[in-house]
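Okay, protein_5.txt is below, compact mmCIF, C-alpha atoms:
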# COMPACT_ATOMS: atom_id res chain seq x y z
CA MET A 207 0.00 0.00 0.00
CA LYS A 208 1.20 3.53 -0.79
CA ALA A 209 0.80 6.57 1.47
CA THR A 210 1.69 10.07 0.32
CA VAL A 211 1.06 13.28 2.23
CA ARG A 212 -0.20 16.69 1.08
CA LYS A 213 -0.13 19.52 3.58
CA ILE A 214 -3.04 21.91 3.06
CA GLY A 215 -2.90 24.67 5.65
CA THR A 216 -2.74 22.92 9.00
CA VAL A 217 -4.20 19.66 7.70
CA SER A 218 -2.12 16.71 6.56
CA VAL A 219 -4.00 14.82 3.88
CA VAL A 220 -2.74 11.25 3.59
CA ASP A 221 -3.56 9.77 0.19
CA LEU A 222 -3.68 6.01 0.56
CA SER A 223 -3.86 3.54 -2.29
CA GLY A 224 -4.04 -0.23 -2.31
CA LYS A 225 -5.40 -2.33 0.52
CA ILE A 226 -5.06 -1.88 4.26
CA THR A 227 -4.38 -5.46 5.33
CA ILE A 228 -2.45 -7.43 7.90
CA GLY A 229 1.33 -7.25 7.84
CA GLU A 230 1.61 -4.72 5.00
CA GLY A 231 -0.97 -1.96 4.61
CA ASP A 232 -1.61 -1.74 8.33
CA VAL A 233 2.10 -1.20 8.95
CA VAL A 234 2.37 1.49 6.26
CA LEU A 235 -0.59 3.34 7.77
CA ARG A 236 0.79 3.06 11.30
CA GLU A 237 4.22 4.33 10.30
CA LYS A 238 2.90 7.24 8.25
CA VAL A 239 0.53 8.50 10.95
CA SER A 240 3.19 8.05 13.65
CA GLU A 241 5.61 10.05 11.51
CA LEU A 242 3.08 12.87 11.16
CA LEU A 243 2.28 12.95 14.86
CA GLU A 244 5.96 12.92 15.75
CA ARG A 245 6.65 15.93 13.58
CA GLY A 246 3.85 17.81 15.32
CA ASP A 247 0.94 17.41 12.87
CA ARG A 248 -2.34 17.22 14.72
CA GLN A 249 -4.96 17.40 11.96
CA ILE A 250 -4.89 14.29 9.82
CA LEU A 251 -7.26 13.44 7.00
CA LEU A 252 -7.02 9.90 5.62
CA ASN A 253 -8.06 9.86 1.97
CA LEU A 254 -9.49 6.37 1.36
CA GLN A 255 -10.65 7.01 -2.22
CA ASN A 256 -8.13 4.56 -3.69
CA VAL A 257 -8.28 1.96 -0.94
CA LYS A 258 -9.83 -1.17 -2.41
CA TYR A 259 -10.56 -2.95 0.87
CA MET A 260 -9.38 -3.50 4.44
CA ASP A 261 -9.28 -6.53 6.67
CA SER A 262 -9.85 -6.60 10.43
CA ALA A 263 -6.21 -5.72 11.06
CA GLY A 264 -6.46 -2.71 8.74
CA ILE A 265 -9.63 -1.58 10.44
CA GLY A 266 -7.94 -2.05 13.80
CA GLU A 267 -5.05 0.12 12.63
CA LEU A 268 -7.48 2.92 11.61
CA VAL A 269 -8.82 2.81 15.17
CA ALA A 270 -5.30 2.73 16.63
CA CYS A 271 -4.37 5.84 14.60
CA TYR A 272 -7.50 7.59 15.82
CA LYS A 273 -6.61 6.82 19.43
CA ARG A 274 -2.95 7.72 19.02
CA ALA A 275 -3.86 11.11 17.59
CA LYS A 276 -6.42 11.74 20.32
CA GLU A 277 -3.77 11.03 22.98
CA LYS A 278 -1.78 13.91 21.51
CA ALA A 279 -4.85 16.18 21.27
CA GLY A 280 -5.05 15.59 17.53
CA THR A 281 -7.78 14.34 15.18
CA VAL A 282 -7.98 11.74 12.44
CA LYS A 283 -10.86 12.04 9.98
CA LEU A 284 -11.78 10.00 6.91
CA LEU A 285 -12.32 11.10 3.31
CA ASN A 286 -14.10 9.29 0.46
CA PRO A 287 -14.51 5.78 1.78
CA SER A 288 -16.09 3.99 -1.15
CA GLY A 289 -17.42 0.57 -2.08
CA LYS A 290 -16.16 -2.15 0.22
CA VAL A 291 -14.43 0.30 2.58
CA HIS A 292 -17.69 2.15 3.13
CA ASP A 293 -19.51 -1.15 3.70
CA LEU A 294 -16.90 -2.19 6.27
CA LEU A 295 -17.14 1.09 8.19
CA GLN A 296 -20.92 0.64 8.35
CA LEU A 297 -20.71 -3.01 9.32
CA THR A 298 -18.31 -2.30 12.18
CA LYS A 299 -20.25 0.81 13.26
CA LEU A 300 -17.09 2.88 12.92
CA GLU A 301 -19.02 5.43 10.87
CA GLU A 302 -20.34 6.47 14.28
CA VAL A 303 -16.82 6.97 15.63
CA PHE A 304 -15.04 8.72 12.76
CA ASP A 305 -16.00 12.02 11.14
CA THR A 306 -16.27 11.00 7.49
CA PHE A 307 -16.53 13.20 4.41
CA ASN A 308 -17.18 12.75 0.69
CA ASP A 309 -15.82 16.16 -0.20
CA GLU A 310 -12.24 17.24 0.49
CA LYS A 311 -12.97 20.96 0.90
CA GLU A 312 -15.71 20.22 3.40
CA ALA A 313 -13.36 17.90 5.28
CA LEU A 314 -10.59 20.50 5.41
CA VAL A 315 -12.75 23.26 6.90
CA SER A 316 -14.18 20.87 9.49
CA PHE A 317 -10.95 20.73 11.48
CA MET B 272 -30.40 -21.81 -13.25
CA PRO B 273 -28.81 -19.10 -11.09
CA ALA B 274 -27.15 -16.31 -13.05
CA ARG B 275 -23.48 -17.14 -13.63
CA THR B 276 -20.54 -14.95 -14.53
CA ARG B 277 -18.07 -15.20 -17.37
CA ASN B 278 -15.47 -17.16 -15.38
CA ALA B 279 -17.98 -19.69 -14.10
CA ASP B 280 -16.91 -23.10 -15.26
CA PRO B 281 -19.72 -25.67 -15.03
CA ASP B 282 -17.23 -28.57 -15.22
CA MET B 283 -15.26 -27.04 -12.36
CA ALA B 284 -18.34 -26.19 -10.38
CA VAL B 285 -19.02 -29.67 -9.06
CA GLY B 286 -16.69 -31.67 -6.87
CA THR B 287 -13.44 -29.73 -7.32
CA THR B 288 -11.47 -29.34 -4.12
CA VAL B 289 -8.26 -27.41 -3.52
CA GLN B 290 -6.31 -27.77 -0.31
CA LEU B 291 -3.59 -25.48 1.02
CA VAL B 292 -1.44 -26.33 4.02
CA LEU B 293 0.42 -23.29 5.29
CA PRO B 294 2.84 -22.47 8.09
CA SER B 295 1.40 -19.76 10.31
CA GLU B 296 3.03 -16.85 8.52
CA VAL B 297 0.89 -13.81 7.94
CA ARG B 298 2.62 -12.98 4.65
CA LEU B 299 0.91 -16.05 3.14
CA ILE B 300 -2.59 -14.70 3.72
CA ASP B 301 -2.70 -12.82 0.40
CA LEU B 302 -2.05 -16.13 -1.34
CA VAL B 303 -5.01 -17.81 0.36
CA HIS B 304 -7.20 -14.77 -0.31
CA ALA B 305 -6.35 -14.85 -4.03
CA ALA B 306 -7.03 -18.60 -4.27
CA SER B 307 -10.36 -18.12 -2.50
CA GLU B 308 -11.48 -15.35 -4.85
CA LYS B 309 -10.50 -17.45 -7.86
CA MET B 310 -12.44 -20.48 -6.63
CA ALA B 311 -15.42 -18.23 -5.97
CA GLU B 312 -15.24 -17.02 -9.57
CA PHE B 313 -15.21 -20.62 -10.79
CA VAL B 314 -18.41 -21.30 -8.86
CA GLY B 315 -19.96 -18.29 -10.59
CA PHE B 316 -19.82 -15.49 -8.06
CA GLY B 317 -19.47 -11.97 -9.43
CA GLU B 318 -16.53 -9.72 -8.56
CA ASP B 319 -18.03 -8.19 -5.43
CA GLU B 320 -19.22 -11.50 -3.97
CA ALA B 321 -15.93 -13.19 -4.84
CA LEU B 322 -14.17 -10.43 -2.88
CA ASN B 323 -16.55 -11.08 0.03
CA VAL B 324 -15.59 -14.76 -0.05
CA GLY B 325 -11.93 -13.77 -0.08
CA LEU B 326 -12.42 -11.44 2.87
CA ALA B 327 -14.27 -14.03 4.96
CA ILE B 328 -11.66 -16.70 4.35
CA ARG B 329 -8.87 -14.17 4.93
CA GLU B 330 -10.34 -13.46 8.38
CA ALA B 331 -10.66 -17.14 9.22
CA VAL B 332 -7.02 -17.71 8.29
CA ILE B 333 -5.89 -14.66 10.29
CA ASN B 334 -7.74 -16.07 13.31
CA ALA B 335 -6.23 -19.50 12.76
CA MET B 336 -2.67 -18.22 12.41
CA VAL B 337 -2.70 -15.43 15.00
CA HIS B 338 -5.10 -16.71 17.68
CA GLY B 339 -5.24 -20.44 17.09
CA ASN B 340 -1.61 -21.10 16.27
CA ARG B 341 -0.21 -18.02 18.09
CA ASN B 342 1.88 -17.07 15.05
CA ASP B 343 4.02 -20.17 15.49
CA PRO B 344 5.35 -20.94 11.99
CA ARG B 345 5.76 -24.58 13.02
CA ARG B 346 1.98 -24.84 13.39
CA ALA B 347 0.01 -25.32 10.21
CA VAL B 348 -3.28 -23.99 8.94
CA ARG B 349 -5.15 -26.23 6.52
CA VAL B 350 -7.51 -24.49 4.10
CA THR B 351 -9.85 -26.53 1.95
CA LEU B 352 -11.84 -24.86 -0.82
CA ALA B 353 -14.57 -27.00 -2.33
CA CYS B 354 -16.76 -26.07 -5.29
CA THR B 355 -20.17 -27.62 -5.42
CA ASP B 356 -23.04 -26.77 -7.73
CA GLY B 357 -24.02 -23.29 -6.71
CA ALA B 358 -21.85 -22.99 -3.59
CA LEU B 359 -18.35 -22.67 -2.27
CA THR B 360 -17.46 -24.37 1.00
CA ALA B 361 -14.27 -23.32 2.78
CA THR B 362 -12.82 -25.13 5.76
CA VAL B 363 -10.03 -23.67 7.88
CA LEU B 364 -8.34 -25.84 10.50
CA ASP B 365 -5.69 -24.73 12.96
CA GLN B 366 -3.56 -26.58 15.51
CA GLY B 367 -4.44 -24.44 18.50
CA ALA B 368 -6.08 -25.02 21.83
CA GLY B 369 -9.66 -24.47 20.74
CA PHE B 370 -12.06 -21.56 20.75
CA ASP B 371 -15.50 -20.69 22.11
CA ARG B 372 -17.40 -18.39 19.75
CA ARG B 373 -19.77 -17.35 22.52
CA GLN B 374 -16.95 -15.74 24.51
CA ALA B 375 -16.13 -13.23 21.79
CA PRO B 376 -17.56 -9.76 22.55
CA ASP B 377 -19.53 -7.81 19.92
CA PRO B 378 -17.11 -5.28 18.43
CA ARG B 379 -19.97 -2.99 17.36
CA THR B 380 -21.18 -1.96 20.80
CA GLY B 381 -20.03 0.93 22.97
CA ASP B 382 -16.38 0.90 23.96
CA ASN B 383 -15.72 -2.22 21.94
CA ARG B 384 -15.72 -0.03 18.81
CA LEU B 385 -12.49 1.53 20.05
CA ARG B 386 -10.74 -1.80 20.40
CA THR B 387 -8.05 -2.36 17.83
CA SER B 388 -8.88 -6.06 17.46
CA GLY B 389 -11.86 -8.40 17.60
CA ARG B 390 -13.61 -7.85 14.27
CA GLY B 391 -12.64 -11.00 12.41
CA LEU B 392 -15.74 -13.02 13.32
CA LEU B 393 -18.02 -10.12 12.47
CA LEU B 394 -16.56 -9.90 8.97
CA MET B 395 -16.70 -13.66 8.43
CA GLU B 396 -20.35 -13.86 9.46
CA ALA B 397 -21.27 -10.85 7.34
CA PHE B 398 -19.70 -12.07 4.10
CA VAL B 399 -20.78 -15.72 3.84
CA ASP B 400 -24.08 -17.51 4.46
CA GLU B 401 -22.98 -20.00 7.11
CA VAL B 402 -20.16 -20.13 9.64
CA ARG B 403 -19.81 -23.21 11.87
CA PHE B 404 -17.12 -23.96 14.45
CA SER B 405 -16.10 -27.33 15.76
CA HIS B 406 -13.26 -29.03 17.59
CA PRO B 407 -12.16 -32.15 15.70
CA PRO B 408 -10.89 -35.16 17.65
CA GLY B 409 -7.35 -34.46 16.42
CA GLY B 410 -7.34 -31.05 18.13
CA GLY B 411 -7.50 -27.46 16.96
CA THR B 412 -10.46 -25.43 15.78
CA GLU B 413 -12.18 -26.03 12.48
CA VAL B 414 -14.38 -23.40 10.88
CA VAL B 415 -16.59 -24.24 7.92
CA MET B 416 -17.95 -21.40 5.80
CA VAL B 417 -20.50 -21.80 3.04
CA LYS B 418 -21.54 -19.22 0.49
CA ARG B 419 -24.29 -19.98 -2.02
CA LEU B 420 -25.08 -18.33 -5.31
CA PRO B 421 -28.30 -16.31 -5.21
CA SER B 422 -31.14 -18.64 -6.11
CA ALA B 423 -33.18 -16.11 -8.09
CA GLY B 424 -34.46 -17.82 -11.17
CA ARG B 425 -33.59 -21.30 -9.98
CA GLN B 426 -36.23 -23.87 -10.95
CA GLY B 427 -37.73 -26.16 -8.28

What is this file in structure tokens?
Amino acid sequence: MKATVRKIGTVSVVDLSGKITIGEGDVVLREKVSELLERGDRQILLNLQNVKYMDSAGIGELVACYKRAKEKAGTVKLLNPSGKVHDLLQLTKLEEVFDTFNDEKEALVSF
Amino acid sequence: MPARTRNADPDMAVGTTVQLVLPSEVRLIDLVHAASEKMAEFVGFGEDEALNVGLAIREAVINAMVHGNRNDPRRAVRVTLACTDGALTATVLDQGAGFDRRQAPDPRTGDNRLRTSGRGLLLMEAFVDEVRFSHPPGGGTEVVMVKRLPSAGRQG
């Protein structure tokens, strides 16, 4: 899985592509968000538009990132979960935990 | 006849069984997932449902390797994928100490949503029609998952 970062104002938008799965994607996500938090970023928007699917480990890592950011008084929000990713967030009731957006501009001003 | 996709192979659809025996190494899960999706296509599932089959079996294998076999590469997971007419049956067997489904908390409620683990069973049960656990005489936990083609249009 690939993770690239765009800084827009105070928000770090992490563009993810591929699948967030055990042993690979979950590790990439963990390392990228940890890197951002360590450098002082506190507003993180995970762009899931190009994420094909996640497994339970990937979903667990999303939650871990959310908690890690919160511990440092930061926020992780989600952008454009589509198809299977959207279904998984609904199934696991995580749509009730994460602020989720379908429009990047709207997401950016929400922080 | 249920609607079938392009890759559905009627000769393959009955009685073909594939078995994989894997050391408990998480890097092998993609391999099992890919095999599962391919077998689902042979049965006649469309792309989305084949992915669902792959996801359910992926979760069963994760559970077998991580929880059942405690990531011990010397312990094996046996995955059997069987095509029957209109259904795929997957069996996943580990060499662990056994497992009680009823003890697993619901990851969707309250504080459980903030747990970083515990969603594997939820995904398995959402993506296939049947999930059954048993403890064979030889030890370990065996999970059998069945997914059937939609029966719309099937005669009698």

Per residue of chain B within 6 Å of chain A, what are the shortest atom pair and its distance in Å to one decimal, counting only C-alpha atoms, with rows by chain and residue number, as JSON lines?
{"residue": "B:Arg379", "atom": "CA", "partner": "A:Thr298", "partner_atom": "CA", "distance": 5.5}
{"residue": "B:Thr387", "atom": "CA", "partner": "A:Gly266", "partner_atom": "CA", "distance": 4.0}
{"residue": "B:Ser388", "atom": "CA", "partner": "A:Gly266", "partner_atom": "CA", "distance": 5.5}
{"residue": "B:Arg390", "atom": "CA", "partner": "A:Ser262", "partner_atom": "CA", "distance": 5.5}
{"residue": "B:Gly391", "atom": "CA", "partner": "A:Ser262", "partner_atom": "CA", "distance": 5.6}

### Task
Considering only C-alpha atoms, return as an NGL selection string whatever protein or nucleic-acid residues lie within 8 Å of Val303 in chain B, sequence-local ones (same chain, fewer than 5 positions apart) excluded.
:B and (291 or 328-329)

I'd like the neighbourhood of Gln255 in chain A as a compact mmCIF listing (two decimals) with C-alpha atoms, in the coordinates of the input, where a residue qualifies if any of its atoms comes within 9 Å (using all atoms listed in the file), though same-chain residues fewer than 5 positions away should be ignored.
# COMPACT_ATOMS: atom_id res chain seq x y z
CA ASP A 221 -3.56 9.77 0.19
CA LEU A 222 -3.68 6.01 0.56
CA SER A 223 -3.86 3.54 -2.29
CA LEU A 285 -12.32 11.10 3.31
CA ASN A 286 -14.10 9.29 0.46
CA PRO A 287 -14.51 5.78 1.78
CA SER A 288 -16.09 3.99 -1.15

### Query
What is the CA of Phe398 in chain B to CA of Leu326 in chain B distance in Å?
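Going from CA of Phe398 in chain B over to CA of Leu326 in chain B, I get 7.4 Å.
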
### Task
Could you give me, as a ChimeraX atom specification, the residues that sit within 12 Å of (-10.3, 11.9, 18.8) in the file's coordinates, counting all atoms listed in the file?
/A:248-250,268-283,303-305,317 /B:385

### Query
What is the CA of Arg349 in chain B-CA of Val363 in chain B distance in Å, reported with one decimal?
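Going from CA of Arg349 in chain B over to CA of Val363 in chain B, I get 5.7 Å.
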
### Task
Write out as a PyMOL selection string which residues come within 9 Å of Leu284 in chain A when counting all atoms listed in the file, dropping same-chain ones fewer than 4 positions away.
chain A and resi 250-254+304-308+313

#### Entry: Who sits within 9 Å of Lys238 in chain A, only C-alpha atoms, same chain under 5 positions skipped, as a list of chain:residue names
A:Ala209, A:Thr210, A:Val211, A:Val220, A:Val233, A:Leu243

Generate N, CA and C atoms for range 362-383 of chain B and emit them as a PDB file, keeping the file's coordinate frame.
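Everything below was put into rebuild-v2.pdb:
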ATOM      1  N   THR B 362     -13.089 -24.599   4.417  1.00  0.00           N
ATOM      2  CA  THR B 362     -12.820 -25.130   5.760  1.00  0.00           C
ATOM      3  C   THR B 362     -11.432 -24.663   6.170  1.00  0.00           C
ATOM      4  N   VAL B 363     -11.328 -24.127   7.371  1.00  0.00           N
ATOM      5  CA  VAL B 363     -10.030 -23.670   7.880  1.00  0.00           C
ATOM      6  C   VAL B 363      -9.780 -24.362   9.218  1.00  0.00           C
ATOM      7  N   LEU B 364      -8.658 -25.055   9.300  1.00  0.00           N
ATOM      8  CA  LEU B 364      -8.340 -25.840  10.500  1.00  0.00           C
ATOM      9  C   LEU B 364      -6.998 -25.392  11.063  1.00  0.00           C
ATOM     10  N   ASP B 365      -6.964 -25.090  12.352  1.00  0.00           N
ATOM     11  CA  ASP B 365      -5.690 -24.730  12.960  1.00  0.00           C
ATOM     12  C   ASP B 365      -5.244 -25.811  13.937  1.00  0.00           C
ATOM     13  N   GLN B 366      -4.093 -25.605  14.557  1.00  0.00           N
ATOM     14  CA  GLN B 366      -3.560 -26.580  15.510  1.00  0.00           C
ATOM     15  C   GLN B 366      -3.488 -25.967  16.905  1.00  0.00           C
ATOM     16  N   GLY B 367      -4.457 -25.140  17.215  1.00  0.00           N
ATOM     17  CA  GLY B 367      -4.440 -24.440  18.500  1.00  0.00           C
ATOM     18  C   GLY B 367      -5.230 -25.169  19.559  1.00  0.00           C
ATOM     19  N   ALA B 368      -5.488 -24.428  20.642  1.00  0.00           N
ATOM     20  CA  ALA B 368      -6.080 -25.020  21.830  1.00  0.00           C
ATOM     21  C   ALA B 368      -7.598 -25.037  21.812  1.00  0.00           C
ATOM     22  N   GLY B 369      -8.197 -24.476  20.776  1.00  0.00           N
ATOM     23  CA  GLY B 369      -9.660 -24.470  20.740  1.00  0.00           C
ATOM     24  C   GLY B 369     -10.205 -23.077  21.029  1.00  0.00           C
ATOM     25  N   PHE B 370     -11.493 -22.898  20.763  1.00  0.00           N
ATOM     26  CA  PHE B 370     -12.060 -21.560  20.750  1.00  0.00           C
ATOM     27  C   PHE B 370     -13.561 -21.642  21.006  1.00  0.00           C
ATOM     28  N   ASP B 371     -14.064 -20.725  21.832  1.00  0.00           N
ATOM     29  CA  ASP B 371     -15.500 -20.690  22.110  1.00  0.00           C
ATOM     30  C   ASP B 371     -16.086 -19.418  21.532  1.00  0.00           C
ATOM     31  N   ARG B 372     -16.830 -19.546  20.468  1.00  0.00           N
ATOM     32  CA  ARG B 372     -17.400 -18.390  19.750  1.00  0.00           C
ATOM     33  C   ARG B 372     -18.201 -17.491  20.681  1.00  0.00           C
ATOM     34  N   ARG B 373     -18.860 -18.110  21.658  1.00  0.00           N
ATOM     35  CA  ARG B 373     -19.770 -17.350  22.520  1.00  0.00           C
ATOM     36  C   ARG B 373     -19.023 -16.383  23.437  1.00  0.00           C
ATOM     37  N   GLN B 374     -17.716 -16.616  23.611  1.00  0.00           N
ATOM     38  CA  GLN B 374     -16.950 -15.740  24.510  1.00  0.00           C
ATOM     39  C   GLN B 374     -16.516 -14.443  23.832  1.00  0.00           C
ATOM     40  N   ALA B 375     -16.634 -14.398  22.513  1.00  0.00           N
ATOM     41  CA  ALA B 375     -16.130 -13.230  21.790  1.00  0.00           C
ATOM     42  C   ALA B 375     -17.107 -12.068  21.907  1.00  0.00           C
ATOM     43  N   PRO B 376     -16.649 -10.903  22.404  1.00  0.00           N
ATOM     44  CA  PRO B 376     -17.560  -9.760  22.550  1.00  0.00           C
ATOM     45  C   PRO B 376     -17.936  -9.155  21.194  1.00  0.00           C
ATOM     46  N   ASP B 377     -19.068  -8.483  21.140  1.00  0.00           N
ATOM     47  CA  ASP B 377     -19.530  -7.810  19.920  1.00  0.00           C
ATOM     48  C   ASP B 377     -18.728  -6.531  19.724  1.00  0.00           C
ATOM     49  N   PRO B 378     -17.969  -6.455  18.611  1.00  0.00           N
ATOM     50  CA  PRO B 378     -17.110  -5.280  18.430  1.00  0.00           C
ATOM     51  C   PRO B 378     -17.877  -4.009  18.048  1.00  0.00           C
ATOM     52  N   ARG B 379     -19.202  -4.155  17.825  1.00  0.00           N
ATOM     53  CA  ARG B 379     -19.970  -2.990  17.360  1.00  0.00           C
ATOM     54  C   ARG B 379     -20.543  -2.155  18.496  1.00  0.00           C
ATOM     55  N   THR B 380     -20.471  -2.657  19.717  1.00  0.00           N
ATOM     56  CA  THR B 380     -21.180  -1.960  20.800  1.00  0.00           C
ATOM     57  C   THR B 380     -20.237  -1.139  21.670  1.00  0.00           C
ATOM     58  N   GLY B 381     -20.696   0.054  22.008  1.00  0.00           N
ATOM     59  CA  GLY B 381     -20.030   0.930  22.970  1.00  0.00           C
ATOM     60  C   GLY B 381     -18.524   1.018  22.813  1.00  0.00           C
ATOM     61  N   ASP B 382     -17.847   0.775  23.922  1.00  0.00           N
ATOM     62  CA  ASP B 382     -16.380   0.900  23.960  1.00  0.00           C
ATOM     63  C   ASP B 382     -15.668  -0.131  23.105  1.00  0.00           C
ATOM     64  N   ASN B 383     -16.367  -1.200  22.782  1.00  0.00           N
ATOM     65  CA  ASN B 383     -15.720  -2.220  21.940  1.00  0.00           C
ATOM     66  C   ASN B 383     -15.342  -1.660  20.571  1.00  0.00           C
TER      67      ASN B 383
END
